[in-house]
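Visitor: One structure, as structure tokens, below. Some questions next.
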Amino acid sequence: MPGNPVLVVHGGAWAMPDNAVDAHLHGVRNALAAGWRVLERGGAALDAVEEAVVIMEDDETFDAGRGSFLNRDGKVQLDALIMDGATLRAGGVGCVERLRNPVRVARKILSESPHVYFVGGGAEQFAAEHGVLLCENNDLVIPREMERLRDYQRAAANAPQKDGNDLFAPEISHDTVGAVALDRDGNIAAATSTGGTLNKAPGRLGDSSLIGCGCYADNLSAAVSTTGWGEPIMKLVLAKWTADRVLAGNLPEWAAEEAMNNLQQRVNGHGGIIVLNALGQFGIAHNTPRMAWACKTVKKGEAGIERGAP
């Protein structure tokens, strides 16, 4: 049955410092506005999450698109997934180095390919064959991240006992971006995009672009997007785990909180999550000090960097 649209976006969960709050709030509000323009004119949820995520990929505040963390070799490698809850079709890219907006290519894979997932050079070849202009990797690298990588590698060289797990501490920025939407036709969709973690090994793939881990959508359960430390999220297949709780009859608000509890208790993970069902009920939760988020319904819109328990 036709209903009222809903849009929820996130821009990363971590111990965000005070001087980063305004930029993050500005970014998620811009993303919300872009996605809502699609929904208010009767557009599809799939289009809305794509447009919202593109805005954040283009915003250097976030760890997605230009301005992302650099890997160990000083390159940007990007991952993204988009999924349609009405059909269960999905498109994903991983470890791409020459795409300004990986979610755009993920969408083309969903719409124009019999496959679900392309990685590396194969994803870039698919993009070029479908009319997407490739960029140079240097176009995605900004001075802030070059300095961040140098500082981290210098500190690591002076403390060789470090095992790398400090990269996933809540104090380290996890600005993965995502969106979930419900359109007037009652369909839901989700999208997630990331540059991964600082100083990651080349070729490392996180949870964001993996179906059921960092992103999932099914009209029968929920649309979900996660952010945070990818390895624990993958171990729990957390997005699908959360959607299954909604399918079992739990409210998205409760399922989101339970997902964060499960992440912490089972695998000592941290992050954040947004969840939306086809009734327009949604949940936002994180077990980090802060998470950038924004949501809008026909009645109101709001944004914040903290979300309390229900």
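Here's how to read the names in the structure tokens: chain A, B, ... by the order shown, residue numbers from 1 in each chain, ligand numbers from 1 in the order shown.
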Please provide as a list in words all residues within 7 Å of A:Leu32, with the sequence filter that same-chain residues fewer than 5 positions apart are discarded (counting only C-alpha atoms).

Guide: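 Listing them by chain and then by number gives Val9, Ala52, Ala294 and Cys295 of chain A.
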
Visitor: Wanna dump the stretch 36-77 of chain A-stretch 100-122 of chain A contacts at 9 Å for me, each residue with its shortest atom pair and the distance in Å to one decimal, counting only C-alpha atoms, ordered by chain and number, as JSON lines?

Guide:
```
{"residue": "A:Leu46", "atom": "CA", "partner": "A:Arg107", "partner_atom": "CA", "distance": 8.6}
{"residue": "A:Asp47", "atom": "CA", "partner": "A:Arg107", "partner_atom": "CA", "distance": 8.9}
{"residue": "A:Glu50", "atom": "CA", "partner": "A:Val103", "partner_atom": "CA", "distance": 6.5}
{"residue": "A:Glu51", "atom": "CA", "partner": "A:Arg104", "partner_atom": "CA", "distance": 8.8}
{"residue": "A:Val53", "atom": "CA", "partner": "A:Val103", "partner_atom": "CA", "distance": 7.2}
{"residue": "A:Val54", "atom": "CA", "partner": "A:Asn101", "partner_atom": "CA", "distance": 6.3}
{"residue": "A:Glu57", "atom": "CA", "partner": "A:Asn101", "partner_atom": "CA", "distance": 6.2}
{"residue": "A:Asp58", "atom": "CA", "partner": "A:Asn101", "partner_atom": "CA", "distance": 7.6}
{"residue": "A:Ala64", "atom": "CA", "partner": "A:Asn101", "partner_atom": "CA", "distance": 8.5}
{"residue": "A:Gly65", "atom": "CA", "partner": "A:Arg100", "partner_atom": "CA", "distance": 5.6}
{"residue": "A:Arg66", "atom": "CA", "partner": "A:Arg100", "partner_atom": "CA", "distance": 6.6}
{"residue": "A:Gln77", "atom": "CA", "partner": "A:Gly120", "partner_atom": "CA", "distance": 8.7}
```

Visitor: Just C-alpha atoms for this one: save the residues we selected as a PDB file, in the first residue's frame.

Guide:
```
ATOM      1  CA  LEU A  46      16.946   2.747  -4.308  1.00  0.00           C
ATOM      2  CA  ASP A  47      17.473   6.123  -5.975  1.00  0.00           C
ATOM      3  CA  GLU A  50      22.195   6.283  -3.930  1.00  0.00           C
ATOM      4  CA  GLU A  51      21.852  10.063  -4.011  1.00  0.00           C
ATOM      5  CA  VAL A  53      25.521   8.335  -0.300  1.00  0.00           C
ATOM      6  CA  VAL A  54      26.939  10.191  -3.315  1.00  0.00           C
ATOM      7  CA  GLU A  57      31.301  10.311  -0.985  1.00  0.00           C
ATOM      8  CA  ASP A  58      31.907  13.800  -2.367  1.00  0.00           C
ATOM      9  CA  ALA A  64      34.226   7.464   1.529  1.00  0.00           C
ATOM     10  CA  GLY A  65      35.241   8.684  -1.923  1.00  0.00           C
ATOM     11  CA  ARG A  66      37.681  11.580  -2.038  1.00  0.00           C
ATOM     12  CA  GLN A  77      40.856   1.838  -2.071  1.00  0.00           C
TER      13      GLN A  77
END
```

Visitor: Just list the residues in stretch 216-256 of chain A DSSP gives strand (DSSP E) on the backbone, as a ChimeraX atom specification.

Guide: /A:216-217,223-228

Visitor: Just the helix (DSSP H, G or I) stuff from stretch 28-91 of chain A, please, per backbone DSSP, written as a ChimeraX atom specification.

Guide: /A:28-40,45-57

Visitor: Do you know which residues are at most 9 Å from A:Ala259 counting only C-alpha atoms, after dropping those on the same chain fewer than 6 positions away, and could you put them as a list in words?

Guide: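 The neighbour list is Leu238, Ala239, Trp241, Thr242, Gly272, Ile273 and Ala285 of chain A.
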
Visitor: Would you put the residues from that selection into a file with all heavy atoms, as a PDB file, in the first residue's frame?

Guide:
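Output file again05.pdb follows:
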```
ATOM      1  N   LEU A 238      26.390  -8.930  10.522  1.00  0.00           N
ATOM      2  CA  LEU A 238      25.570  -8.154  11.442  1.00  0.00           C
ATOM      3  C   LEU A 238      24.330  -7.537  10.809  1.00  0.00           C
ATOM      4  O   LEU A 238      23.272  -7.469  11.449  1.00  0.00           O
ATOM      5  CB  LEU A 238      26.414  -7.066  12.101  1.00  0.00           C
ATOM      6  CG  LEU A 238      25.778  -6.364  13.292  1.00  0.00           C
ATOM      7  CD1 LEU A 238      25.512  -7.363  14.425  1.00  0.00           C
ATOM      8  CD2 LEU A 238      26.650  -5.228  13.791  1.00  0.00           C
ATOM      9  N   ALA A 239      24.430  -7.068   9.570  1.00  0.00           N
ATOM     10  CA  ALA A 239      23.256  -6.457   8.941  1.00  0.00           C
ATOM     11  C   ALA A 239      22.135  -7.488   8.774  1.00  0.00           C
ATOM     12  O   ALA A 239      20.969  -7.205   9.072  1.00  0.00           O
ATOM     13  CB  ALA A 239      23.639  -5.845   7.598  1.00  0.00           C
ATOM     14  N   TRP A 241      21.860 -10.319  10.469  1.00  0.00           N
ATOM     15  CA  TRP A 241      21.467 -10.708  11.827  1.00  0.00           C
ATOM     16  C   TRP A 241      20.402  -9.758  12.358  1.00  0.00           C
ATOM     17  O   TRP A 241      19.397 -10.174  12.939  1.00  0.00           O
ATOM     18  CB  TRP A 241      22.708 -10.686  12.727  1.00  0.00           C
ATOM     19  CG  TRP A 241      22.505 -11.157  14.130  1.00  0.00           C
ATOM     20  CD1 TRP A 241      22.729 -12.410  14.621  1.00  0.00           C
ATOM     21  CD2 TRP A 241      22.060 -10.371  15.255  1.00  0.00           C
ATOM     22  NE1 TRP A 241      22.446 -12.458  15.978  1.00  0.00           N
ATOM     23  CE2 TRP A 241      22.035 -11.224  16.382  1.00  0.00           C
ATOM     24  CE3 TRP A 241      21.679  -9.043  15.422  1.00  0.00           C
ATOM     25  CZ2 TRP A 241      21.656 -10.783  17.652  1.00  0.00           C
ATOM     26  CZ3 TRP A 241      21.291  -8.592  16.679  1.00  0.00           C
ATOM     27  CH2 TRP A 241      21.286  -9.460  17.777  1.00  0.00           C
ATOM     28  N   THR A 242      20.610  -8.462  12.119  1.00  0.00           N
ATOM     29  CA  THR A 242      19.673  -7.453  12.598  1.00  0.00           C
ATOM     30  C   THR A 242      18.350  -7.531  11.842  1.00  0.00           C
ATOM     31  O   THR A 242      17.267  -7.446  12.435  1.00  0.00           O
ATOM     32  CB  THR A 242      20.292  -6.061  12.450  1.00  0.00           C
ATOM     33  OG1 THR A 242      21.582  -6.040  13.070  1.00  0.00           O
ATOM     34  CG2 THR A 242      19.409  -5.000  13.074  1.00  0.00           C
ATOM     35  N   GLY A 272      28.282   1.403  14.637  1.00  0.00           N
ATOM     36  CA  GLY A 272      26.946   1.941  14.658  1.00  0.00           C
ATOM     37  C   GLY A 272      26.099   1.306  13.577  1.00  0.00           C
ATOM     38  O   GLY A 272      26.611   0.622  12.677  1.00  0.00           O
ATOM     39  N   ILE A 273      24.781   1.546  13.653  1.00  0.00           N
ATOM     40  CA  ILE A 273      23.866   0.877  12.727  1.00  0.00           C
ATOM     41  C   ILE A 273      22.601   1.708  12.561  1.00  0.00           C
ATOM     42  O   ILE A 273      22.166   2.394  13.497  1.00  0.00           O
ATOM     43  CB  ILE A 273      23.523  -0.536  13.264  1.00  0.00           C
ATOM     44  CG1 ILE A 273      22.828  -1.402  12.214  1.00  0.00           C
ATOM     45  CG2 ILE A 273      22.689  -0.454  14.544  1.00  0.00           C
ATOM     46  CD1 ILE A 273      22.764  -2.882  12.614  1.00  0.00           C
ATOM     47  N   ALA A 285      21.497   3.209  16.392  1.00  0.00           N
ATOM     48  CA  ALA A 285      22.227   2.854  17.606  1.00  0.00           C
ATOM     49  C   ALA A 285      23.721   2.819  17.334  1.00  0.00           C
ATOM     50  O   ALA A 285      24.164   2.611  16.196  1.00  0.00           O
ATOM     51  CB  ALA A 285      21.752   1.501  18.131  1.00  0.00           C
TER      52      ALA A 285
END
```

Visitor: Would you compute the distance between atom CA of A:Cys215 and atom CA of A:Asn71? Give it in Å to one decimal.

Guide: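 Going from atom CA of A:Cys215 over to atom CA of A:Asn71 covers 22.4 Å.
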
Visitor: Which residues come within 12 Å of A:Ala34, counting only C-alpha atoms, excluding same-chain residues fewer than 4 positions away, as a list in words?

Guide: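 Answer for this query is Leu7, Val8, Val9, Gly27, Val28, Arg29, Asn30, Val38, Leu39, Glu40, Arg41, Gly43, Asp47, Ala48, Val49, Glu50, Glu51, Ala52, Val53, Val54, Ile55, Met56, Ala179 and Lys296 of chain A.
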
Visitor: Neighbouring residues of A:Leu263 were defined as those with any atom within 12 Å, considering only C-alpha atoms; residues of the same chain fewer than 5 positions away were excluded. Please report them as number ranges by chain.

Guide: A: 213, 226-239, 241-242, 256-258, 268-273, 285-288

Visitor: Closest to A:Asp63 among A:Ala44, A:Leu210, A:Met291, A:Val177, using only C-alpha atoms?

Guide: A:Val177

Visitor: As number ranges by chain, please: the residues near stretch 188-198 of chain A (cut-off 8 Å, only C-alpha atoms, same-chain neighbours under 5 positions excluded).

Guide: A: 45-46, 49-50, 53, 57, 63-65, 68-72, 76-86, 102-103, 149, 167-168, 174-183, 205-206, 208-209, 214-219, 222-226, 276-278

Visitor: So what do you get for atom CA of A:Gly74 versus atom CA of A:Val141, distance-wise?

Guide: 8.5 Å
